[in-house]
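K.L.:
Mind having a look at this structure? Questions to follow.
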Amino acid sequence: MASSGAGYDYSPSTFSPDGRIFQVEYANKAVENSGTGLGMHCSNGIVLCVEKQRSSNMLVPHSTSGKRVHSVGKHAGMAFTGFVSDARQLVNRAREEAANYKETYGSHVPPAVLADRMSAYVHYFTCHGALRPFGATAIIGGYDPDLKEHALYMVEPSGVSYQYYGCVAGNGRQACKTEMEKLNLTGKNVSGGDPVTVNEAVKQMARMVYMLYEDKDDAKKDKLELEMSWICEDSKWEHASVPSEIVNEAIEWAKEDIAAAQEEDDDDEDEDDVMED
């Protein structure tokens, strides 16, 4: 069967002969070509992180414009990657859902309910010919004050959502996913390490993102910014930005750790060369 659009990509409501919806695939491609977004479910909270590249030296660094991490409720936050303008509509919808739940039931929206409602909203845009899918993936972190539990979800452009211990979207998805799987995020000690805390997660996320730029020139590294937020006891279980001093310390630790690993690899290569001689 044909694997190209061949006229089947004009509408998200049209299936190709081999059962594909090309506009949804194109939306996923838009996410894959954008910056990396990460989320971690830690033993004592949730951490969200998104990389942001300044496209021009004339842009004010660390500005609040073009943010990729937002609060959508007192105990819920959303990080996204993909088209920023599309994702802003998802943020607005999530805030409406959180406010409506609070008004109707008198309590803060549980993260599972918020993720389910957002996935239904995103899926709606894949079912009508007059609409197009959102070119953004949303990572939702939240805390349920009634159950005293925190949870992490990711909503993809197709409208599917899953609960995660750790999730990644964007152009660094595979590399960061591989590194994330080495950490003990389940709390079951399956990876041989101690359960990851929010402070450790901040460091690990910074290392994962800067690892993607290991072979890039210094100009690109200088334009790299990290947006981080967390929901934990330090933030009184409210969604809040990670303090800048903690982020800066994590970035410095990440750079040192990557440099040390590179030196170790170079030493191993030198030893191999000596043995061959």
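In the structure tokens, each chain is lettered A, B, ... as it comes, each chain's residues begin at 1, and ligands are numbered from 1 in order of appearance.
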Any idea what's packed within 10 Å of A:Glu97, counting only C-alpha atoms, ignoring anything in its chain fewer than 5 positions away? Could you give it as a list of chain:residue names?

P.N.:
A:Val72, A:Gly73, A:Val91, A:Asn92, A:Lys102, A:Glu103, A:Val109, A:Val113, A:Leu114, A:Arg117, A:Met118

K.L.:
May I have the residues within 6 Å of stretch 27-43 of chain A as number ranges by chain, using only C-alpha atoms and disregarding those fewer than 4 positions away in the same chain?

P.N.:
A: 47-51, 81-82, 135-136, 165-172, 185, 196-198

K.L.:
Would you compute the distance between atom CA of A:Phe22 and atom CA of A:Ser158? Give it in Å to one decimal.

P.N.:
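Spanning atom CA of A:Phe22 to atom CA of A:Ser158 is a straight-line distance of 10.8 Å.
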
K.L.:
Considering only C-alpha atoms, tabulate each residue of stretch 131-206 of chain A that lies at most 12 Å from stretch 223-226 of chain A along with its nearest interatomic pair and the corresponding distance in Å to one decimal; arrange the rows by chain and ascending residue number and present them as JSON lines.

P.N.:
{"residue": "A:Val202", "atom": "CA", "partner": "A:Leu226", "partner_atom": "CA", "distance": 10.4}
{"residue": "A:Lys203", "atom": "CA", "partner": "A:Leu226", "partner_atom": "CA", "distance": 11.6}
{"residue": "A:Met205", "atom": "CA", "partner": "A:Leu226", "partner_atom": "CA", "distance": 9.5}
{"residue": "A:Ala206", "atom": "CA", "partner": "A:Leu226", "partner_atom": "CA", "distance": 7.7}

K.L.:
Would you output that residue set with all heavy atoms, as an mmCIF file, in the first residue's frame?

P.N.:
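Result saved to again-v6.cif:
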data_model
loop_
_atom_site.group_PDB
_atom_site.id
_atom_site.type_symbol
_atom_site.label_atom_id
_atom_site.label_comp_id
_atom_site.auth_asym_id
_atom_site.auth_seq_id
_atom_site.Cartn_x
_atom_site.Cartn_y
_atom_site.Cartn_z
ATOM 1 N N VAL A 202 16.088 17.594 39.018
ATOM 2 C CA VAL A 202 16.469 18.866 38.399
ATOM 3 C C VAL A 202 17.866 18.745 37.789
ATOM 4 O O VAL A 202 18.108 19.173 36.651
ATOM 5 C CB VAL A 202 16.410 20.012 39.428
ATOM 6 C CG1 VAL A 202 17.032 21.285 38.852
ATOM 7 C CG2 VAL A 202 14.974 20.287 39.855
ATOM 8 N N LYS A 203 18.786 18.133 38.520
ATOM 9 C CA LYS A 203 20.150 17.946 38.020
ATOM 10 C C LYS A 203 20.175 17.004 36.814
ATOM 11 O O LYS A 203 20.839 17.285 35.801
ATOM 12 C CB LYS A 203 21.046 17.370 39.126
ATOM 13 C CG LYS A 203 21.331 18.317 40.270
ATOM 14 C CD LYS A 203 22.264 17.658 41.269
ATOM 15 C CE LYS A 203 22.613 18.584 42.416
ATOM 16 N NZ LYS A 203 23.539 17.939 43.374
ATOM 17 N N MET A 205 17.785 16.250 34.706
ATOM 18 C CA MET A 205 17.154 16.842 33.527
ATOM 19 C C MET A 205 18.095 17.831 32.841
ATOM 20 O O MET A 205 18.189 17.868 31.608
ATOM 21 C CB MET A 205 15.859 17.541 33.923
ATOM 22 C CG MET A 205 14.712 16.604 34.208
ATOM 23 S SD MET A 205 13.232 17.523 34.677
ATOM 24 C CE MET A 205 11.984 16.239 34.527
ATOM 25 N N ALA A 206 18.786 18.634 33.638
ATOM 26 C CA ALA A 206 19.752 19.571 33.070
ATOM 27 C C ALA A 206 20.854 18.814 32.332
ATOM 28 O O ALA A 206 21.268 19.196 31.230
ATOM 29 C CB ALA A 206 20.347 20.448 34.164
#

K.L.:
Write down as a ChimeraX atom specification the residues of stretch 11-254 of chain A whose backbone DSSP state falls under alpha helix (DSSP H).

P.N.:
/A:22-32,84-105,111-124,173-180,198-212,218-222,244-254

K.L.:
I want to know what sits within 9 Å of A:Ser229, based on only C-alpha atoms, with residues of the same chain fewer than 6 positions away left out; could you give that as a ChimeraX atom specification?

P.N.:
/A:46-49,69-70,77,79,239-243

K.L.:
Create the file for the chosen residues now, containing all heavy atoms and written as an mmCIF file, in the first residue's frame.

P.N.:
data_model
loop_
_atom_site.group_PDB
_atom_site.id
_atom_site.type_symbol
_atom_site.label_atom_id
_atom_site.label_comp_id
_atom_site.auth_asym_id
_atom_site.auth_seq_id
_atom_site.Cartn_x
_atom_site.Cartn_y
_atom_site.Cartn_z
ATOM 1 N N ILE A 46 6.869 16.143 41.558
ATOM 2 C CA ILE A 46 6.908 16.153 40.102
ATOM 3 C C ILE A 46 7.835 17.276 39.643
ATOM 4 O O ILE A 46 7.829 18.364 40.220
ATOM 5 C CB ILE A 46 5.504 16.405 39.509
ATOM 6 C CG1 ILE A 46 4.532 15.307 39.925
ATOM 7 C CG2 ILE A 46 5.569 16.539 37.986
ATOM 8 C CD1 ILE A 46 4.761 13.975 39.271
ATOM 9 N N VAL A 47 8.614 17.025 38.607
ATOM 10 C CA VAL A 47 9.458 18.060 38.011
ATOM 11 C C VAL A 47 9.196 18.097 36.507
ATOM 12 O O VAL A 47 9.154 17.057 35.845
ATOM 13 C CB VAL A 47 10.963 17.804 38.257
ATOM 14 C CG1 VAL A 47 11.795 18.937 37.655
ATOM 15 C CG2 VAL A 47 11.254 17.677 39.739
ATOM 16 N N LEU A 48 8.992 19.321 35.973
ATOM 17 C CA LEU A 48 8.801 19.526 34.542
ATOM 18 C C LEU A 48 9.943 20.388 34.013
ATOM 19 O O LEU A 48 10.422 21.280 34.711
ATOM 20 C CB LEU A 48 7.467 20.233 34.269
ATOM 21 C CG LEU A 48 6.203 19.568 34.821
ATOM 22 C CD1 LEU A 48 4.993 20.451 34.544
ATOM 23 C CD2 LEU A 48 6.006 18.190 34.231
ATOM 24 N N CYS A 49 10.369 20.116 32.789
ATOM 25 C CA CYS A 49 11.481 20.858 32.208
ATOM 26 C C CYS A 49 11.312 20.947 30.694
ATOM 27 O O CYS A 49 10.908 19.975 30.051
ATOM 28 C CB CYS A 49 12.809 20.160 32.541
ATOM 29 S SG CYS A 49 14.263 20.850 31.711
ATOM 30 N N VAL A 69 6.370 26.549 30.128
ATOM 31 C CA VAL A 69 5.877 25.887 31.336
ATOM 32 C C VAL A 69 4.904 26.844 32.028
ATOM 33 O O VAL A 69 5.255 27.991 32.293
ATOM 34 C CB VAL A 69 7.025 25.513 32.305
ATOM 35 C CG1 VAL A 69 6.473 24.820 33.542
ATOM 36 C CG2 VAL A 69 8.052 24.627 31.615
ATOM 37 N N HIS A 70 3.689 26.359 32.287
ATOM 38 C CA HIS A 70 2.645 27.222 32.839
ATOM 39 C C HIS A 70 1.910 26.526 33.982
ATOM 40 O O HIS A 70 1.785 25.300 33.996
ATOM 41 C CB HIS A 70 1.615 27.581 31.757
ATOM 42 C CG HIS A 70 2.171 28.408 30.637
ATOM 43 N ND1 HIS A 70 2.077 29.781 30.610
ATOM 44 C CD2 HIS A 70 2.830 28.050 29.499
ATOM 45 C CE1 HIS A 70 2.643 30.234 29.497
ATOM 46 N NE2 HIS A 70 3.114 29.200 28.819
ATOM 47 N N GLY A 77 0.414 21.830 36.775
ATOM 48 C CA GLY A 77 1.204 22.597 35.816
ATOM 49 C C GLY A 77 1.309 21.854 34.499
ATOM 50 O O GLY A 77 1.093 20.637 34.429
ATOM 51 N N ALA A 79 3.791 21.583 30.919
ATOM 52 C CA ALA A 79 4.939 21.907 30.071
ATOM 53 C C ALA A 79 4.622 21.398 28.678
ATOM 54 O O ALA A 79 3.926 20.389 28.522
ATOM 55 C CB ALA A 79 6.206 21.246 30.601
ATOM 56 N N HIS A 239 2.096 24.169 42.193
ATOM 57 C CA HIS A 239 2.964 24.246 41.023
ATOM 58 C C HIS A 239 3.708 25.568 41.044
ATOM 59 O O HIS A 239 3.100 26.638 41.119
ATOM 60 C CB HIS A 239 2.150 24.135 39.739
ATOM 61 C CG HIS A 239 2.993 24.193 38.507
ATOM 62 N ND1 HIS A 239 3.091 25.308 37.710
ATOM 63 C CD2 HIS A 239 3.803 23.253 37.933
ATOM 64 C CE1 HIS A 239 3.911 25.070 36.712
ATOM 65 N NE2 HIS A 239 4.353 23.832 36.812
ATOM 66 N N ALA A 240 5.019 25.511 41.005
ATOM 67 C CA ALA A 240 5.845 26.720 41.076
ATOM 68 C C ALA A 240 7.120 26.514 40.289
ATOM 69 O O ALA A 240 7.576 25.376 40.075
ATOM 70 C CB ALA A 240 6.173 27.053 42.533
ATOM 71 N N SER A 241 7.706 27.611 39.846
ATOM 72 C CA SER A 241 8.986 27.545 39.139
ATOM 73 C C SER A 241 10.084 27.108 40.096
ATOM 74 O O SER A 241 10.083 27.486 41.280
ATOM 75 C CB SER A 241 9.332 28.914 38.541
ATOM 76 O OG SER A 241 8.372 29.318 37.591
ATOM 77 N N VAL A 242 11.012 26.322 39.596
ATOM 78 C CA VAL A 242 12.179 25.951 40.389
ATOM 79 C C VAL A 242 13.026 27.205 40.577
ATOM 80 O O VAL A 242 13.287 27.926 39.602
ATOM 81 C CB VAL A 242 12.994 24.854 39.697
ATOM 82 C CG1 VAL A 242 14.236 24.513 40.515
ATOM 83 C CG2 VAL A 242 12.138 23.615 39.467
ATOM 84 N N PRO A 243 13.434 27.539 41.801
ATOM 85 C CA PRO A 243 14.253 28.743 42.026
ATOM 86 C C PRO A 243 15.458 28.796 41.096
ATOM 87 O O PRO A 243 16.096 27.774 40.821
ATOM 88 C CB PRO A 243 14.679 28.618 43.492
ATOM 89 C CG PRO A 243 13.580 27.816 44.120
ATOM 90 C CD PRO A 243 13.139 26.842 43.056
#
